[in-house]
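Asks: Next up, upload.cif (mmCIF, C-alpha atoms).
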```cif
data_my_file
#
loop_
_atom_site.label_atom_id
_atom_site.label_comp_id
_atom_site.auth_asym_id
_atom_site.auth_seq_id
_atom_site.Cartn_x
_atom_site.Cartn_y
_atom_site.Cartn_z
CA MET A 1 0.00 0.00 0.00
CA PRO A 2 1.40 3.42 -0.93
CA CYS A 3 2.49 5.67 1.91
CA LEU A 4 1.15 9.22 1.93
CA GLU A 5 3.56 11.83 3.21
CA ALA A 6 3.02 15.45 4.11
CA VAL A 7 4.78 18.08 2.05
CA ASN A 8 5.91 21.37 3.55
CA ILE A 9 5.81 24.21 1.04
CA ARG A 10 7.72 27.45 1.41
CA GLY A 11 6.79 29.86 -1.36
CA SER A 12 4.01 30.62 -3.80
CA VAL A 13 2.71 27.69 -5.83
CA SER A 14 1.09 27.74 -9.25
CA MET A 15 -0.42 24.60 -10.75
CA LEU A 16 -1.54 23.33 -14.14
CA LEU A 17 -2.91 19.91 -13.27
CA GLU A 18 -6.26 19.67 -14.97
CA LEU A 19 -7.39 21.56 -18.02
CA GLY A 20 -9.76 24.30 -16.97
CA ALA A 21 -9.20 23.89 -13.23
CA GLY A 22 -9.84 27.24 -11.57
CA PHE A 23 -11.93 28.48 -14.49
CA HIS A 24 -15.67 29.10 -14.48
CA ASN A 25 -17.36 28.15 -17.77
CA ASP A 26 -19.87 31.01 -17.66
CA LEU A 27 -17.23 33.73 -17.20
CA SER A 28 -15.17 35.32 -19.96
CA GLY A 29 -11.48 34.60 -20.35
CA ARG A 30 -10.75 38.06 -18.97
CA ASP A 31 -12.86 37.41 -15.85
CA ASN A 32 -11.31 33.97 -15.47
CA ILE A 33 -7.82 35.48 -15.47
CA ILE A 34 -8.80 37.44 -12.37
CA LEU A 35 -10.59 34.47 -10.77
CA ASN A 36 -7.70 32.08 -11.45
CA GLY A 37 -5.15 34.54 -10.11
CA ILE A 38 -7.15 35.12 -6.94
CA LEU A 39 -7.38 31.34 -6.44
CA GLN A 40 -3.58 31.30 -6.67
CA GLY A 41 -3.16 33.99 -4.01
CA LYS A 42 -2.97 37.18 -6.07
CA THR A 43 -5.17 40.24 -5.62
CA LYS A 44 -7.65 41.52 -8.18
CA ARG A 45 -5.45 44.58 -8.65
CA GLU A 46 -2.34 42.46 -9.29
CA MET A 47 -4.22 40.40 -11.87
CA LYS A 48 -5.50 43.52 -13.64
CA GLU A 49 -1.90 44.75 -13.84
CA MET A 50 -0.87 41.45 -15.48
CA MET A 51 -3.93 41.24 -17.74
CA GLU A 52 -2.39 42.46 -21.01
CA GLU A 53 0.73 40.30 -20.60
CA ILE A 54 -1.46 37.24 -20.00
CA ILE A 55 -3.77 38.02 -22.94
CA ASP A 56 -0.79 38.60 -25.24
CA PHE A 57 0.87 35.34 -24.21
CA ALA A 58 -2.32 33.26 -24.51
CA ASN A 59 -2.94 34.66 -28.00
CA ILE A 60 -6.59 33.65 -28.18
CA GLY A 61 -7.77 36.83 -29.85
CA ASP A 62 -11.31 38.10 -29.44
CA PHE A 63 -12.27 34.94 -27.56
CA ILE A 64 -10.83 36.58 -24.43
CA ASP A 65 -14.21 38.26 -23.95
CA CYS A 66 -16.24 35.08 -24.62
CA PRO A 67 -17.31 32.56 -21.97
CA ILE A 68 -14.73 29.82 -21.36
CA SER A 69 -17.40 27.27 -22.34
CA GLN A 70 -16.82 28.37 -25.97
CA TYR A 71 -13.07 27.67 -25.81
CA SER A 72 -11.36 24.63 -27.28
CA SER A 73 -9.14 22.57 -24.99
CA GLY A 74 -6.10 24.20 -26.60
CA MET A 75 -7.43 27.69 -25.88
CA LYS A 76 -8.08 26.76 -22.24
CA ALA A 77 -4.54 25.37 -21.98
CA ARG A 78 -3.09 28.57 -23.46
CA LEU A 79 -4.96 30.75 -21.00
CA ALA A 80 -4.23 28.52 -18.01
CA PHE A 81 -0.51 28.40 -18.83
CA ALA A 82 -0.38 32.16 -19.39
CA VAL A 83 -1.97 32.84 -16.00
CA ALA A 84 0.03 30.25 -14.05
CA THR A 85 3.35 31.47 -15.37
CA ALA A 86 2.62 35.22 -15.42
CA ILE A 87 2.27 35.24 -11.64
CA LYS A 88 5.92 34.10 -11.48
CA PRO A 89 5.47 31.43 -8.82
CA GLU A 90 8.30 30.12 -6.69
CA ILE A 91 7.03 26.59 -7.38
CA LEU A 92 5.35 25.59 -10.66
CA LEU A 93 3.58 22.23 -10.83
CA ILE A 94 2.73 21.12 -14.38
CA ASP A 95 1.02 17.96 -15.64
CA GLU A 96 1.60 17.31 -19.37
CA ILE A 97 0.59 20.86 -20.31
CA LEU A 98 2.97 21.05 -23.26
CA ALA A 99 1.11 18.17 -24.92
CA VAL A 100 -1.79 20.53 -25.73
CA GLY A 101 -1.56 23.13 -28.46
CA ASP A 102 0.46 23.81 -31.57
CA ILE A 103 4.25 23.71 -31.97
CA ASP A 104 4.60 27.52 -31.85
CA PHE A 105 2.77 27.71 -28.54
CA ALA A 106 4.78 24.77 -27.14
CA GLN A 107 8.00 26.61 -28.02
CA LYS A 108 6.69 29.78 -26.42
CA CYS A 109 5.87 27.77 -23.26
CA GLU A 110 9.33 26.22 -23.29
CA LYS A 111 10.93 29.68 -23.34
CA ARG A 112 8.68 30.86 -20.51
CA ILE A 113 9.51 27.79 -18.39
CA LYS A 114 13.24 28.23 -18.98
CA SER A 115 12.95 31.89 -18.00
CA LEU A 116 11.19 30.90 -14.77
CA LEU A 117 13.85 28.26 -14.06
CA ASN A 118 16.58 30.85 -14.63
CA ASN A 119 14.85 33.03 -12.03
CA ASN A 120 14.88 30.25 -9.40
CA THR A 121 11.37 28.87 -9.84
CA THR A 122 11.19 25.23 -8.82
CA LEU A 123 9.49 23.13 -11.50
CA ILE A 124 7.68 19.91 -10.71
CA LEU A 125 6.83 18.32 -14.04
CA VAL A 126 4.54 15.30 -14.14
CA SER A 127 5.11 13.76 -17.55
CA HIS A 128 5.53 10.66 -19.69
CA ASN A 129 7.46 12.69 -22.26
CA TYR A 130 11.19 11.97 -21.82
CA ASN A 131 12.09 14.92 -24.06
CA ASP A 132 10.32 17.36 -21.74
CA ILE A 133 11.87 15.70 -18.70
CA GLN A 134 15.37 15.95 -20.19
CA ASN A 135 14.75 19.51 -21.34
CA PHE A 136 13.54 20.92 -18.01
CA CYS A 137 14.55 18.67 -15.13
CA GLU A 138 17.83 18.01 -13.34
CA ARG A 139 16.31 15.34 -11.10
CA THR A 140 13.79 12.64 -11.99
CA ILE A 141 11.61 10.57 -9.69
CA LYS A 142 9.83 7.60 -11.23
CA ILE A 143 6.69 6.42 -9.46
CA GLU A 144 4.92 3.14 -10.21
CA ASN A 145 1.68 2.24 -8.46
CA GLY A 146 2.25 5.02 -5.92
CA ILE A 147 5.75 3.82 -4.98
CA ILE A 148 9.01 5.60 -5.78
CA VAL A 149 11.10 3.17 -7.81
CA SER A 150 13.82 5.58 -8.92
CA ASP A 151 15.17 8.91 -7.68
CA CYS A 152 18.27 10.14 -9.49
CA SER A 153 19.68 12.77 -11.82
CA THR A 154 17.75 13.07 -15.05
CA LYS A 155 20.90 12.29 -17.00
CA ALA A 156 21.32 8.98 -15.11
CA PHE A 157 17.61 8.22 -15.33
CA CYS A 158 17.30 8.89 -19.05
CA CYS A 159 20.45 6.90 -19.78
CA SER A 160 19.06 3.87 -17.90
CA ASP A 161 16.11 1.71 -18.86
CA GLY A 162 13.92 4.41 -17.28
#
```
Please rewrite the model in this file as structure tokens.
Replies:
Amino acid sequence: MPCLEAVNIRGSVSMLLELGAGFHNDLSGRDNIILNGILQGKTKREMKEMMEEIIDFANIGDFIDCPISQYSSGMKARLAFAVATAIKPEILLIDEILAVGDIDFAQKCEKRIKSLLNNNTTLILVSHNYNDIQNFCERTIKIENGIIVSDCSTKAFCCSDG
């Protein structure tokens, strides 16, 4: 049986775990930026100050003023990633987010993640994509059936049988 352990967190945390988490389908993208930011510990004023940067990064055009229910999964991913990374968290937890969207947006996300890493953000990437793991992570923990089976440098992990 897997053992659950407590985690102590020191710092602001931003998460992209489930597409659309923290969004309300009846609200516009613009309103959801504020809602999502508030859920992540920012003030309404702070989110309004970041609004244009987030809208520019998400690049979803006039849909920003439409209800989220009209967005495709890719548009939701763009907006969620833009919000989560614009708040410049100390810890960023991502689950396969780069698998959604086009190649240009994936490259844009990669640059944003690398910028955050260069500014001391801790990245926790949950992924099956070895390329993303190699690209972003120095340490890799492999979990099978809730049990840690490997905990080593990414270089050692990716050079082994995985």
Asks: Name the residues captured by the PyMOL selection byres ((chain A and resi 66-78) around 8) when it is applied to the shown file; answer as a ChimeraX atom specification.
Replies: /A:19-20,23-29,32,57-60,62-65,79-82,97,100-101,105
Asks: How many Å separate atom CA of A:Ala86 from atom CA of A:Met50?
Replies: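 Atom-to-atom, atom CA of A:Ala86 and atom CA of A:Met50 are spaced 7.1 Å apart.
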Asks: Work out how far atom CA of A:Asp151 is from atom CA of A:Thr85, in Å to one decimal.
Replies: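 Interatomic distance here is 26.6 Å.
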Asks: So the first atom is atom CA of A:Asn135 and the second is atom CA of A:Asn36; what is the distance between them in Å, to one decimal place?
Replies: 27.6 Å
Asks: Tell me which protein, DNA and RNA residues are within 8 Å of A:Leu92, counting only C-alpha atoms, leaving out same-chain ones fewer than 3 positions away, and put them as a list in words.
Replies: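 Result of the neighbour search: Val13, Ser14, Met15, Ala84, Thr85, Pro89, Thr121, Thr122, Leu123 and Ile124 of chain A.
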Asks: Which residue gives the smallest distance to A:Ile133 among A:Ile147, A:Val83, A:Ile94, A:Ile55, with all atoms listed in the file counted?
Replies: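 Of all the options, A:Ile94 lies closest to A:Ile133.
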Asks: With 3 Å added on each side, what axis-aligned box encloses every listed atom of stretch 30-34 of chain A? Give the centre and edge lengths in Å to one decimal, as AutoDock Vina command-line options.
Replies:
```
--center_x -10.3 --center_y 36.0 --center_z -15.7 --size_x 11.0 --size_y 10.1 --size_z 12.6
```
Asks: Which residues match the PyMOL selection byres ((chain A and resi 139) around 12) in the file above, as a ChimeraX atom specification?
Replies: /A:122-125,133-138,140-142,150-158
Asks: As a PDB file, in the frame of the given file, please: stretch 72-97 of chain A completed to N, CA and C atoms.
Replies:
```pdb
ATOM      1  N   SER A  72     -11.859  25.993 -27.033  1.00  0.00           N
ATOM      2  CA  SER A  72     -11.360  24.630 -27.280  1.00  0.00           C
ATOM      3  C   SER A  72     -10.441  24.266 -26.129  1.00  0.00           C
ATOM      4  N   SER A  73     -10.065  22.994 -26.047  1.00  0.00           N
ATOM      5  CA  SER A  73      -9.140  22.570 -24.990  1.00  0.00           C
ATOM      6  C   SER A  73      -7.794  23.278 -25.137  1.00  0.00           C
ATOM      7  N   GLY A  74      -7.361  23.500 -26.368  1.00  0.00           N
ATOM      8  CA  GLY A  74      -6.100  24.200 -26.600  1.00  0.00           C
ATOM      9  C   GLY A  74      -6.153  25.640 -26.126  1.00  0.00           C
ATOM     10  N   MET A  75      -7.282  26.307 -26.329  1.00  0.00           N
ATOM     11  CA  MET A  75      -7.430  27.690 -25.880  1.00  0.00           C
ATOM     12  C   MET A  75      -7.431  27.767 -24.358  1.00  0.00           C
ATOM     13  N   LYS A  76      -8.086  26.802 -23.713  1.00  0.00           N
ATOM     14  CA  LYS A  76      -8.080  26.760 -22.240  1.00  0.00           C
ATOM     15  C   LYS A  76      -6.657  26.535 -21.735  1.00  0.00           C
ATOM     16  N   ALA A  77      -5.922  25.647 -22.389  1.00  0.00           N
ATOM     17  CA  ALA A  77      -4.540  25.370 -21.980  1.00  0.00           C
ATOM     18  C   ALA A  77      -3.680  26.621 -22.134  1.00  0.00           C
ATOM     19  N   ARG A  78      -3.857  27.331 -23.229  1.00  0.00           N
ATOM     20  CA  ARG A  78      -3.090  28.570 -23.460  1.00  0.00           C
ATOM     21  C   ARG A  78      -3.344  29.575 -22.341  1.00  0.00           C
ATOM     22  N   LEU A  79      -4.616  29.771 -22.023  1.00  0.00           N
ATOM     23  CA  LEU A  79      -4.960  30.750 -21.000  1.00  0.00           C
ATOM     24  C   LEU A  79      -4.477  30.293 -19.621  1.00  0.00           C
ATOM     25  N   ALA A  80      -4.664  29.040 -19.308  1.00  0.00           N
ATOM     26  CA  ALA A  80      -4.230  28.520 -18.010  1.00  0.00           C
ATOM     27  C   ALA A  80      -2.717  28.648 -17.851  1.00  0.00           C
ATOM     28  N   PHE A  81      -1.967  28.301 -18.897  1.00  0.00           N
ATOM     29  CA  PHE A  81      -0.510  28.400 -18.830  1.00  0.00           C
ATOM     30  C   PHE A  81      -0.087  29.857 -18.690  1.00  0.00           C
ATOM     31  N   ALA A  82      -0.725  30.735 -19.437  1.00  0.00           N
ATOM     32  CA  ALA A  82      -0.380  32.160 -19.390  1.00  0.00           C
ATOM     33  C   ALA A  82      -0.595  32.719 -17.983  1.00  0.00           C
ATOM     34  N   VAL A  83      -1.697  32.357 -17.349  1.00  0.00           N
ATOM     35  CA  VAL A  83      -1.970  32.840 -16.000  1.00  0.00           C
ATOM     36  C   VAL A  83      -0.981  32.252 -15.000  1.00  0.00           C
ATOM     37  N   ALA A  84      -0.822  30.938 -15.035  1.00  0.00           N
ATOM     38  CA  ALA A  84       0.030  30.250 -14.050  1.00  0.00           C
ATOM     39  C   ALA A  84       1.469  30.730 -14.093  1.00  0.00           C
ATOM     40  N   THR A  85       1.953  31.061 -15.268  1.00  0.00           N
ATOM     41  CA  THR A  85       3.350  31.470 -15.370  1.00  0.00           C
ATOM     42  C   THR A  85       3.536  32.973 -15.246  1.00  0.00           C
ATOM     43  N   ALA A  86       2.515  33.758 -15.542  1.00  0.00           N
ATOM     44  CA  ALA A  86       2.620  35.220 -15.420  1.00  0.00           C
ATOM     45  C   ALA A  86       2.743  35.646 -13.966  1.00  0.00           C
ATOM     46  N   ILE A  87       2.201  34.858 -13.053  1.00  0.00           N
ATOM     47  CA  ILE A  87       2.270  35.240 -11.640  1.00  0.00           C
ATOM     48  C   ILE A  87       3.652  34.950 -11.049  1.00  0.00           C
ATOM     49  N   LYS A  88       4.531  34.376 -11.864  1.00  0.00           N
ATOM     50  CA  LYS A  88       5.920  34.100 -11.480  1.00  0.00           C
ATOM     51  C   LYS A  88       6.002  33.384 -10.125  1.00  0.00           C
ATOM     52  N   PRO A  89       5.471  32.174 -10.085  1.00  0.00           N
ATOM     53  CA  PRO A  89       5.470  31.430  -8.820  1.00  0.00           C
ATOM     54  C   PRO A  89       6.867  30.969  -8.428  1.00  0.00           C
ATOM     55  N   GLU A  90       7.037  30.686  -7.152  1.00  0.00           N
ATOM     56  CA  GLU A  90       8.300  30.120  -6.690  1.00  0.00           C
ATOM     57  C   GLU A  90       8.339  28.618  -6.997  1.00  0.00           C
ATOM     58  N   ILE A  91       7.151  28.009  -7.052  1.00  0.00           N
ATOM     59  CA  ILE A  91       7.030  26.590  -7.380  1.00  0.00           C
ATOM     60  C   ILE A  91       5.957  26.455  -8.460  1.00  0.00           C
ATOM     61  N   LEU A  92       6.288  25.797  -9.555  1.00  0.00           N
ATOM     62  CA  LEU A  92       5.350  25.590 -10.660  1.00  0.00           C
ATOM     63  C   LEU A  92       5.153  24.086 -10.843  1.00  0.00           C
ATOM     64  N   LEU A  93       3.935  23.638 -10.698  1.00  0.00           N
ATOM     65  CA  LEU A  93       3.580  22.230 -10.830  1.00  0.00           C
ATOM     66  C   LEU A  93       2.784  22.057 -12.118  1.00  0.00           C
ATOM     67  N   ILE A  94       3.340  21.289 -13.060  1.00  0.00           N
ATOM     68  CA  ILE A  94       2.730  21.120 -14.380  1.00  0.00           C
ATOM     69  C   ILE A  94       2.505  19.644 -14.679  1.00  0.00           C
ATOM     70  N   ASP A  95       1.344  19.330 -15.242  1.00  0.00           N
ATOM     71  CA  ASP A  95       1.020  17.960 -15.640  1.00  0.00           C
ATOM     72  C   ASP A  95       0.749  17.918 -17.141  1.00  0.00           C
ATOM     73  N   GLU A  96       1.739  17.538 -17.926  1.00  0.00           N
ATOM     74  CA  GLU A  96       1.600  17.310 -19.370  1.00  0.00           C
ATOM     75  C   GLU A  96       1.045  18.492 -20.153  1.00  0.00           C
ATOM     76  N   ILE A  97       1.206  19.705 -19.652  1.00  0.00           N
ATOM     77  CA  ILE A  97       0.590  20.860 -20.310  1.00  0.00           C
ATOM     78  C   ILE A  97       1.136  21.110 -21.701  1.00  0.00           C
TER      79      ILE A  97
END
```
